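coords-v4.txt (compact mmCIF, C-alpha atoms and all ligand atoms) appears below.
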```txt
# COMPACT_ATOMS: atom_id res chain seq x y z
CA MET A 561 -47.83 74.44 19.74
CA ARG A 562 -44.37 75.27 21.14
CA LYS A 563 -42.94 78.68 20.29
CA PRO A 564 -39.38 78.29 19.01
CA PHE A 565 -36.63 79.92 21.00
CA VAL A 566 -33.17 80.92 19.81
CA ALA A 567 -30.52 82.06 22.28
CA GLY A 568 -27.04 83.38 21.57
CA ASN A 569 -24.24 82.22 23.85
CA TRP A 570 -21.48 84.77 23.41
CA LYS A 571 -19.16 82.76 25.68
CA MET A 572 -16.10 84.79 26.79
CA HIS A 573 -16.10 87.09 23.77
CA GLY A 574 -16.46 90.81 23.44
CA SER A 575 -15.54 94.28 24.60
CA LYS A 576 -17.69 97.40 24.94
CA ALA A 577 -16.83 98.42 21.39
CA PHE A 578 -17.58 94.96 19.99
CA ILE A 579 -20.89 94.70 21.86
CA LEU A 580 -21.97 98.18 20.82
CA ASN A 581 -21.47 97.20 17.20
CA LEU A 582 -23.17 93.79 17.57
CA VAL A 583 -26.16 95.07 19.53
CA THR A 584 -26.59 98.03 17.19
CA GLY A 585 -26.92 95.48 14.38
CA LEU A 586 -29.44 93.45 16.37
CA ASN A 587 -31.44 96.58 17.28
CA SER A 588 -31.72 97.56 13.65
CA ARG A 589 -33.11 94.18 12.59
CA ALA A 590 -35.17 93.16 15.65
CA GLY A 591 -38.35 94.41 13.96
CA GLU A 592 -38.03 91.52 11.49
CA LEU A 593 -38.45 88.90 14.22
CA GLU A 594 -41.86 87.29 14.51
CA GLY A 595 -43.02 83.94 15.87
CA VAL A 596 -39.76 83.22 17.66
CA ASP A 597 -38.46 84.05 21.14
CA VAL A 598 -34.90 85.39 21.11
CA ALA A 599 -32.31 85.98 23.83
CA ILE A 600 -28.65 86.92 23.99
CA CYS A 601 -26.33 85.77 26.77
CA PRO A 602 -23.31 88.08 27.11
CA PRO A 603 -20.46 87.52 29.55
CA SER A 604 -21.76 88.50 33.02
CA LEU A 605 -19.44 91.51 33.17
CA TYR A 606 -21.20 92.98 30.13
CA ILE A 607 -24.83 92.13 30.93
CA ASP A 608 -25.61 95.63 32.17
CA PHE A 609 -23.80 97.31 29.27
CA THR A 610 -25.65 95.05 26.82
CA LYS A 611 -28.99 95.87 28.46
CA ARG A 612 -28.33 99.58 28.18
CA THR A 613 -27.34 99.17 24.54
CA LEU A 614 -30.37 97.07 23.58
CA SER A 615 -33.17 99.32 22.37
CA THR A 616 -35.66 96.56 21.57
CA GLY A 617 -37.92 94.63 23.88
CA VAL A 618 -37.95 91.74 21.39
CA ILE A 619 -34.58 90.36 22.49
CA ALA A 620 -34.30 89.13 26.09
CA LEU A 621 -31.17 88.82 28.18
CA GLY A 622 -29.61 85.74 29.67
CA ALA A 623 -26.47 84.80 31.58
CA GLN A 624 -24.04 81.96 30.90
CA ASN A 625 -23.61 80.71 34.46
CA MET A 626 -24.36 81.60 38.06
CA ALA A 627 -23.43 80.58 41.59
CA GLU A 628 -24.92 77.47 43.14
CA GLU A 629 -25.22 79.35 46.42
CA PRO A 630 -28.65 80.99 46.62
CA HIS A 631 -27.75 83.65 49.21
CA GLN A 632 -25.41 86.63 49.07
CA GLY A 633 -22.32 86.38 51.20
CA ALA A 634 -18.64 85.58 51.30
CA PHE A 635 -18.28 83.90 47.88
CA THR A 636 -15.48 85.82 46.21
CA GLY A 637 -15.78 86.01 42.47
CA GLU A 638 -19.28 84.57 42.26
CA GLY A 639 -22.51 86.12 41.01
CA SER A 640 -25.91 85.01 42.26
CA ALA A 641 -29.20 84.23 40.57
CA SER A 642 -30.83 87.19 42.30
CA MET A 643 -28.09 89.48 40.91
CA LEU A 644 -28.77 88.22 37.39
CA LYS A 645 -32.46 88.87 37.91
CA ASP A 646 -31.63 92.34 39.22
CA LEU A 647 -29.60 93.03 36.06
CA GLY A 648 -32.62 92.20 33.91
CA CYS A 649 -31.86 88.62 32.89
CA ARG A 650 -34.72 86.31 32.03
CA TYR A 651 -32.60 83.23 31.28
CA VAL A 652 -29.47 81.51 32.52
CA ILE A 653 -27.54 78.79 30.67
CA LEU A 654 -26.74 75.95 33.06
CA GLY A 655 -24.78 72.76 32.53
CA HIS A 656 -23.05 73.89 29.34
CA SER A 657 -20.50 71.26 28.32
CA GLU A 658 -17.67 73.80 28.72
CA ARG A 659 -18.69 74.29 32.36
CA ARG A 660 -18.87 70.53 32.82
CA ALA A 661 -15.55 69.77 31.10
CA ILE A 662 -13.37 72.77 31.98
CA TYR A 663 -14.73 73.67 35.43
CA GLY A 664 -15.74 70.17 36.51
CA GLU A 665 -19.38 71.00 37.17
CA THR A 666 -21.19 67.87 38.24
CA ASP A 667 -24.73 66.76 37.56
CA SER A 668 -25.65 67.43 41.17
CA GLU A 669 -24.22 70.99 41.17
CA ILE A 670 -26.04 71.69 37.92
CA ALA A 671 -29.30 70.32 39.38
CA ASN A 672 -28.90 72.60 42.42
CA LYS A 673 -28.22 75.57 40.16
CA VAL A 674 -31.38 74.80 38.17
CA GLN A 675 -33.40 74.87 41.41
CA VAL A 676 -31.75 78.11 42.56
CA ALA A 677 -32.41 79.75 39.18
CA LEU A 678 -36.07 78.72 39.26
CA ASP A 679 -36.44 80.02 42.81
CA ALA A 680 -35.05 83.38 41.67
CA GLY A 681 -37.53 83.56 38.78
CA LEU A 682 -34.98 82.84 36.03
CA THR A 683 -35.65 80.35 33.24
CA PRO A 684 -32.78 77.86 33.06
CA ILE A 685 -31.49 76.81 29.64
CA PHE A 686 -30.39 73.40 30.83
CA CYS A 687 -27.78 71.79 28.55
CA VAL A 688 -27.29 68.08 27.99
CA GLY A 689 -25.17 66.22 25.47
CA GLU A 690 -22.76 63.40 24.84
CA THR A 691 -19.11 63.36 23.78
CA LEU A 692 -18.06 61.69 20.55
CA GLN A 693 -16.55 58.82 22.48
CA GLU A 694 -19.83 58.30 24.36
CA ARG A 695 -21.79 58.35 21.10
CA GLU A 696 -19.41 55.93 19.41
CA SER A 697 -19.36 53.54 22.32
CA GLY A 698 -23.16 53.34 22.36
CA VAL A 699 -23.80 55.01 25.73
CA MET A 700 -25.22 58.28 24.36
CA LYS A 701 -28.76 57.71 25.62
CA SER A 702 -27.68 56.60 29.07
CA VAL A 703 -25.41 59.66 29.40
CA ILE A 704 -28.25 61.99 28.47
CA SER A 705 -30.68 60.13 30.76
CA THR A 706 -28.28 60.52 33.68
CA GLN A 707 -27.90 64.26 33.02
CA LEU A 708 -31.68 64.67 32.79
CA GLU A 709 -32.48 62.52 35.81
CA ALA A 710 -30.14 64.49 38.06
CA VAL A 711 -32.20 67.61 37.42
CA LEU A 712 -35.54 65.79 37.43
CA SER A 713 -34.87 64.26 40.81
CA THR A 714 -34.01 67.67 42.27
CA VAL A 715 -36.67 69.92 40.74
CA GLY A 716 -39.39 67.45 39.70
CA ILE A 717 -41.16 67.11 36.38
CA ALA A 718 -43.61 69.99 37.01
CA ALA A 719 -40.70 72.46 37.04
CA PHE A 720 -39.97 71.54 33.42
CA SER A 721 -42.84 73.82 32.41
CA SER A 722 -40.36 76.63 33.31
CA ILE A 723 -37.17 75.07 31.92
CA VAL A 724 -35.71 75.13 28.42
CA ILE A 725 -33.54 72.15 27.47
CA ALA A 726 -30.64 72.50 25.04
CA TYR A 727 -29.35 69.32 23.42
CA GLU A 728 -25.73 70.05 22.54
CA PRO A 729 -23.64 67.13 21.32
CA VAL A 730 -20.20 68.02 22.68
CA TRP A 731 -18.54 66.95 19.41
CA ALA A 732 -20.56 69.56 17.50
CA ILE A 733 -19.84 72.58 19.73
CA GLY A 734 -17.50 75.06 18.09
CA THR A 735 -16.14 72.37 15.76
CA GLY A 736 -18.00 73.23 12.56
CA VAL A 737 -19.37 69.67 12.61
CA THR A 738 -23.14 69.71 13.02
CA ALA A 739 -25.34 66.79 13.98
CA THR A 740 -27.44 65.85 10.99
CA PRO A 741 -31.10 66.83 11.37
CA GLU A 742 -31.90 63.11 11.78
CA GLN A 743 -29.24 62.59 14.48
CA ALA A 744 -30.47 65.65 16.39
CA GLN A 745 -34.15 64.73 16.00
CA GLU A 746 -33.50 61.25 17.34
CA VAL A 747 -32.04 62.66 20.58
CA HIS A 748 -34.66 65.40 20.92
CA ALA A 749 -37.44 62.80 20.57
CA PHE A 750 -35.64 60.62 23.12
CA ILE A 751 -35.44 63.50 25.63
CA ARG A 752 -39.11 64.31 25.14
CA SER A 753 -40.04 60.63 25.55
CA LYS A 754 -38.13 60.45 28.86
CA LEU A 755 -40.10 63.44 30.16
CA ALA A 756 -43.35 62.00 28.76
CA GLU A 757 -42.90 58.89 30.92
CA LEU A 758 -43.45 61.24 33.86
CA ASP A 759 -45.88 63.77 32.40
CA PRO A 760 -46.91 63.73 28.74
CA VAL A 761 -48.46 67.20 28.85
CA ILE A 762 -45.35 68.85 30.29
CA ALA A 763 -43.17 66.88 27.85
CA GLU A 764 -45.17 68.15 24.90
CA GLY A 765 -44.74 71.74 26.02
CA VAL A 766 -41.00 71.73 26.78
CA VAL A 767 -38.86 73.73 24.37
CA ILE A 768 -35.81 71.69 23.36
CA GLN A 769 -33.15 73.68 21.53
CA TYR A 770 -30.39 72.18 19.42
CA GLY A 771 -26.88 73.57 19.80
CA GLY A 772 -23.66 72.76 17.97
CA SER A 773 -22.28 74.66 14.97
CA VAL A 774 -25.65 76.03 13.87
CA LYS A 775 -25.16 78.47 10.99
CA PRO A 776 -27.54 80.34 8.68
CA GLY A 777 -27.00 77.60 6.09
CA ASN A 778 -28.04 74.61 8.23
CA ALA A 779 -30.50 76.18 10.68
CA LYS A 780 -33.70 75.76 8.67
CA GLU A 781 -33.28 72.02 8.18
CA LEU A 782 -32.41 71.44 11.85
CA PHE A 783 -35.26 73.61 13.15
CA GLY A 784 -37.67 71.93 10.72
CA GLN A 785 -37.47 68.67 12.70
CA PRO A 786 -40.59 67.96 14.77
CA ASP A 787 -38.88 67.96 18.19
CA ILE A 788 -36.33 70.74 17.57
CA ASP A 789 -37.67 74.04 18.88
CA GLY A 790 -34.91 76.48 17.96
CA GLY A 791 -31.28 76.63 18.96
CA LEU A 792 -28.53 77.65 21.33
CA ILE A 793 -26.02 79.42 19.13
CA GLY A 794 -22.37 80.04 19.97
CA GLY A 795 -20.03 81.35 17.27
CA ALA A 796 -22.72 82.50 14.85
CA SER A 797 -24.39 84.64 17.53
CA LEU A 798 -21.41 87.02 17.40
CA ASP A 799 -22.48 88.29 13.99
CA ALA A 800 -25.77 90.24 13.97
CA ASP A 801 -26.80 89.25 10.44
CA ASP A 802 -25.97 85.56 10.95
CA PHE A 803 -27.79 85.49 14.28
CA ILE A 804 -30.89 87.19 12.89
CA ALA A 805 -30.87 84.79 9.91
CA ILE A 806 -30.75 81.83 12.34
CA CYS A 807 -33.58 83.31 14.43
CA LYS A 808 -35.65 83.80 11.29
CA ALA A 809 -35.03 80.18 10.28
CA ALA A 810 -36.79 79.14 13.50
CA GLU A 811 -39.87 81.29 12.94
CA ILE A 812 -43.21 79.51 12.80
C1 LIG B 901 -22.56 76.68 22.34
O1 LIG B 901 -21.56 77.16 22.83
O2 LIG B 901 -23.54 76.47 23.06
C2 LIG B 901 -22.55 76.36 20.91
C3 LIG B 901 -23.53 75.68 20.43
O3 LIG B 901 -21.47 76.81 20.18
P1 LIG B 901 -21.30 76.79 18.58
O4 LIG B 901 -22.62 77.27 17.99
O5 LIG B 901 -20.19 77.72 18.31
O6 LIG B 901 -21.02 75.38 18.20
```
Will you turn the file into structure tokens for me?
Ligand code: PEP
Amino acid sequence: MRKPFVAGNWKMHGSKAFILNLVTGLNSRAGELEGVDVAICPPSLYIDFTKRTLSTGVIALGAQNMAEEPHQGAFTGEGSASMLKDLGCRYVILGHSERRAIYGETDSEIANKVQVALDAGLTPIFCVGETLQERESGVMKSVISTQLEAVLSTVGIAAFSSIVIAYEPVWAIGTGVTATPEQAQEVHAFIRSKLAELDPVIAEGVVIQYGGSVKPGNAKELFGQPDIDGGLIGGASLDADDFIAICKAAEI
């Protein structure tokens, strides 16, 4: 039985005052969480502040990105996997569609980052997903296969026992348009079947989150699908009550 996992991706939002208010809200309701793993991923600059503000061990910390380079050195502006680990992160989001589209991250860079994160003892939340145009032109599954295979060929199937996958249809991220539970389930089952071709036991154990305009009102139905194991939450993770409601909708 897979334990559901909900992670909040704060993206580039916040200030110390905003985070203090948000995390105070999360602290006060963390005791309600049971049967679900939960993480929050602040902007890197605020990871340490968030950690010092969190007073519960129930909510883990994650980052939204990290350097591909595994070693410290002359890489101005970058932050390494080992630094994230040192700050207390357990997770790192890799391959988010905003990183792919805005910063041009390629499948091969993302695959290298997944390996570097694993080597540093971080759990990657590895994002895959198709654009609307790719879905409408019938290449959705081949796009997702290519994204998956890039990482598989770098880290191998066994590493997927330490990787979380997030299926995030690009057309559903921050748009208010959510994939229907059936649309999401179809892709989640497809991802799991691709992994099962290589190792059915690992495939069965991999947590696959859904991400894309998840709200308290649609979370339960999405998370109720057999291959959807929680969510990666953007906008709604910036409100403590909404985020806790979404986490509770994933509880088993
Ligand atoms: C995300 O950024 O990963 C995301 C799913 O955003 P939103 O929930 O706002 O669509």
*Just the residues within 12 Å of Val774 (chain A), please, counting all atoms listed in the file, with nothing from its chain fewer than 4 positions along; format it as number ranges by chain.*
A: 566-569, 728-729, 732-741, 744, 769-770, 778-783, 790-797, 802-803, 805-807, 809-810
_Option closest in space to Ala719 (chain A), from A:Gly595, A:Gly664, A:Pro602, A:Gly765 [counting only C-alpha atoms]_ =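 Using only C-alpha atoms, Ala719 (chain A) sits closest to A:Gly765.
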*Point-to-point distance from CA of Val703 (chain A) to CA of Ala718 (chain A), Å rounded to tenths*: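 Computing it gives 22.3 Å between the two atoms.
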*Å distance separating CA of Val724 (chain A) from CA of Asp646 (chain A), one decimal place*: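 CA of Asp646 (chain A) lies at a distance of 20.7 Å from CA of Val724 (chain A).
Distances here use only C-alpha atoms; by that measure, the residue among A:Cys687, A:Ala710, A:Leu682, A:Ala623 closest to Glu669 (chain A) is A:Ala710.
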*All residues 10 Å or closer to Val767 (chain A), all atoms listed in the file, same chain fewer than 5 positions away omitted, as number ranges by chain*: A: 562-565, 685, 720-726, 748, 752, 787-791
Selection above as a file: C-alpha atoms, as a short mmCIF file (atom, residue, chain, number, x, y, z; two decimals), in the coordinates of the input:
```cif
data_model
loop_
_atom_site.label_atom_id
_atom_site.label_comp_id
_atom_site.auth_asym_id
_atom_site.auth_seq_id
_atom_site.Cartn_x
_atom_site.Cartn_y
_atom_site.Cartn_z
CA ARG A 562 -44.37 75.27 21.14
CA LYS A 563 -42.94 78.68 20.29
CA PRO A 564 -39.38 78.29 19.01
CA PHE A 565 -36.63 79.92 21.00
CA ILE A 685 -31.49 76.81 29.64
CA PHE A 720 -39.97 71.54 33.42
CA SER A 721 -42.84 73.82 32.41
CA SER A 722 -40.36 76.63 33.31
CA ILE A 723 -37.17 75.07 31.92
CA VAL A 724 -35.71 75.13 28.42
CA ILE A 725 -33.54 72.15 27.47
CA ALA A 726 -30.64 72.50 25.04
CA HIS A 748 -34.66 65.40 20.92
CA ARG A 752 -39.11 64.31 25.14
CA ASP A 787 -38.88 67.96 18.19
CA ILE A 788 -36.33 70.74 17.57
CA ASP A 789 -37.67 74.04 18.88
CA GLY A 790 -34.91 76.48 17.96
CA GLY A 791 -31.28 76.63 18.96
#
```
_Using only C-alpha atoms, which protein or nucleic acid residues come within 12 Å of region 583-591 of chain A? Drop anything in the same chain fewer than 6 positions from it, and give the result as number ranges by chain._
A: 568, 570, 574-577, 597-602, 606-607, 609-621, 797-805, 807-808
Find the axis-aligned box for region 755-759 of chain A, covering all its listed atoms and adding 5 Å on each side, and write its centre and edge lengths in Å to one decimal as lines of an AutoDock Vina configuration file.
```
center_x = -43.0
center_y = 61.3
center_z = 31.3
size_x = 15.8
size_y = 14.9
size_z = 15.1
```
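Between CA of Thr636 (chain A) and CA of Tyr663 (chain A) the separation is 16.3 Å.
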*asked:* Taking only C-alpha atoms into account, name the residue in A:Glu629, A:Asp608, A:Asp759, A:Glu665 that is nearest to Gly648 (chain A).
replied: A:Asp608
*Counting all atoms listed in the file, figure out which residue out of A:Lys673, A:Arg659, A:Lys754, A:Arg650 gets nearest to ligand LIG 901 (chain B).*
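The closest residue to ligand LIG 901 (chain B) is A:Arg659.
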_Nearest to ligand LIG 901 (chain B) by atom-to-atom distance, counting all atoms listed in the file, from A:Ser753, A:Ser604, A:Ser657, A:Gln785_ =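 Using all atoms listed in the file, ligand LIG 901 (chain B) sits closest to A:Ser657.
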*Tell me which protein, DNA and RNA residues are within 6 Å of Pro684 (chain A), counting only C-alpha atoms, leaving out same-chain ones fewer than 3 positions away, and put them as a list of chain:residue names.*
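So the residues in contact are A:Tyr651, A:Val652, A:Ile653, A:Ile723.
You can rank A:Glu709, A:Lys571, A:Gln632, A:Met700 by their closest distance to ligand LIG 901 (chain B) using all atoms listed in the file, and at the top of that list sits A:Lys571.
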Give me the residues near Ser668 (chain A) as an mmCIF file with C-alpha atoms, in the coordinates of the input, where near means some atom within 12 Å (using only C-alpha atoms) and where sequence neighbours in that chain fewer than 3 positions away do not count.
```cif
data_model
loop_
_atom_site.group_PDB
_atom_site.id
_atom_site.type_symbol
_atom_site.label_atom_id
_atom_site.label_comp_id
_atom_site.auth_asym_id
_atom_site.auth_seq_id
_atom_site.Cartn_x
_atom_site.Cartn_y
_atom_site.Cartn_z
ATOM 1 C CA GLU A 628 -24.920 77.470 43.140
ATOM 2 C CA LEU A 654 -26.740 75.950 33.060
ATOM 3 C CA GLY A 655 -24.780 72.760 32.530
ATOM 4 C CA ARG A 660 -18.870 70.530 32.820
ATOM 5 C CA GLY A 664 -15.740 70.170 36.510
ATOM 6 C CA GLU A 665 -19.380 71.000 37.170
ATOM 7 C CA ALA A 671 -29.300 70.320 39.380
ATOM 8 C CA ASN A 672 -28.900 72.600 42.420
ATOM 9 C CA LYS A 673 -28.220 75.570 40.160
ATOM 10 C CA VAL A 674 -31.380 74.800 38.170
ATOM 11 C CA GLN A 675 -33.400 74.870 41.410
ATOM 12 C CA THR A 706 -28.280 60.520 33.680
ATOM 13 C CA GLN A 707 -27.900 64.260 33.020
ATOM 14 C CA LEU A 708 -31.680 64.670 32.790
ATOM 15 C CA GLU A 709 -32.480 62.520 35.810
ATOM 16 C CA ALA A 710 -30.140 64.490 38.060
ATOM 17 C CA VAL A 711 -32.200 67.610 37.420
ATOM 18 C CA LEU A 712 -35.540 65.790 37.430
ATOM 19 C CA SER A 713 -34.870 64.260 40.810
ATOM 20 C CA THR A 714 -34.010 67.670 42.270
ATOM 21 C CA VAL A 715 -36.670 69.920 40.740
#
```
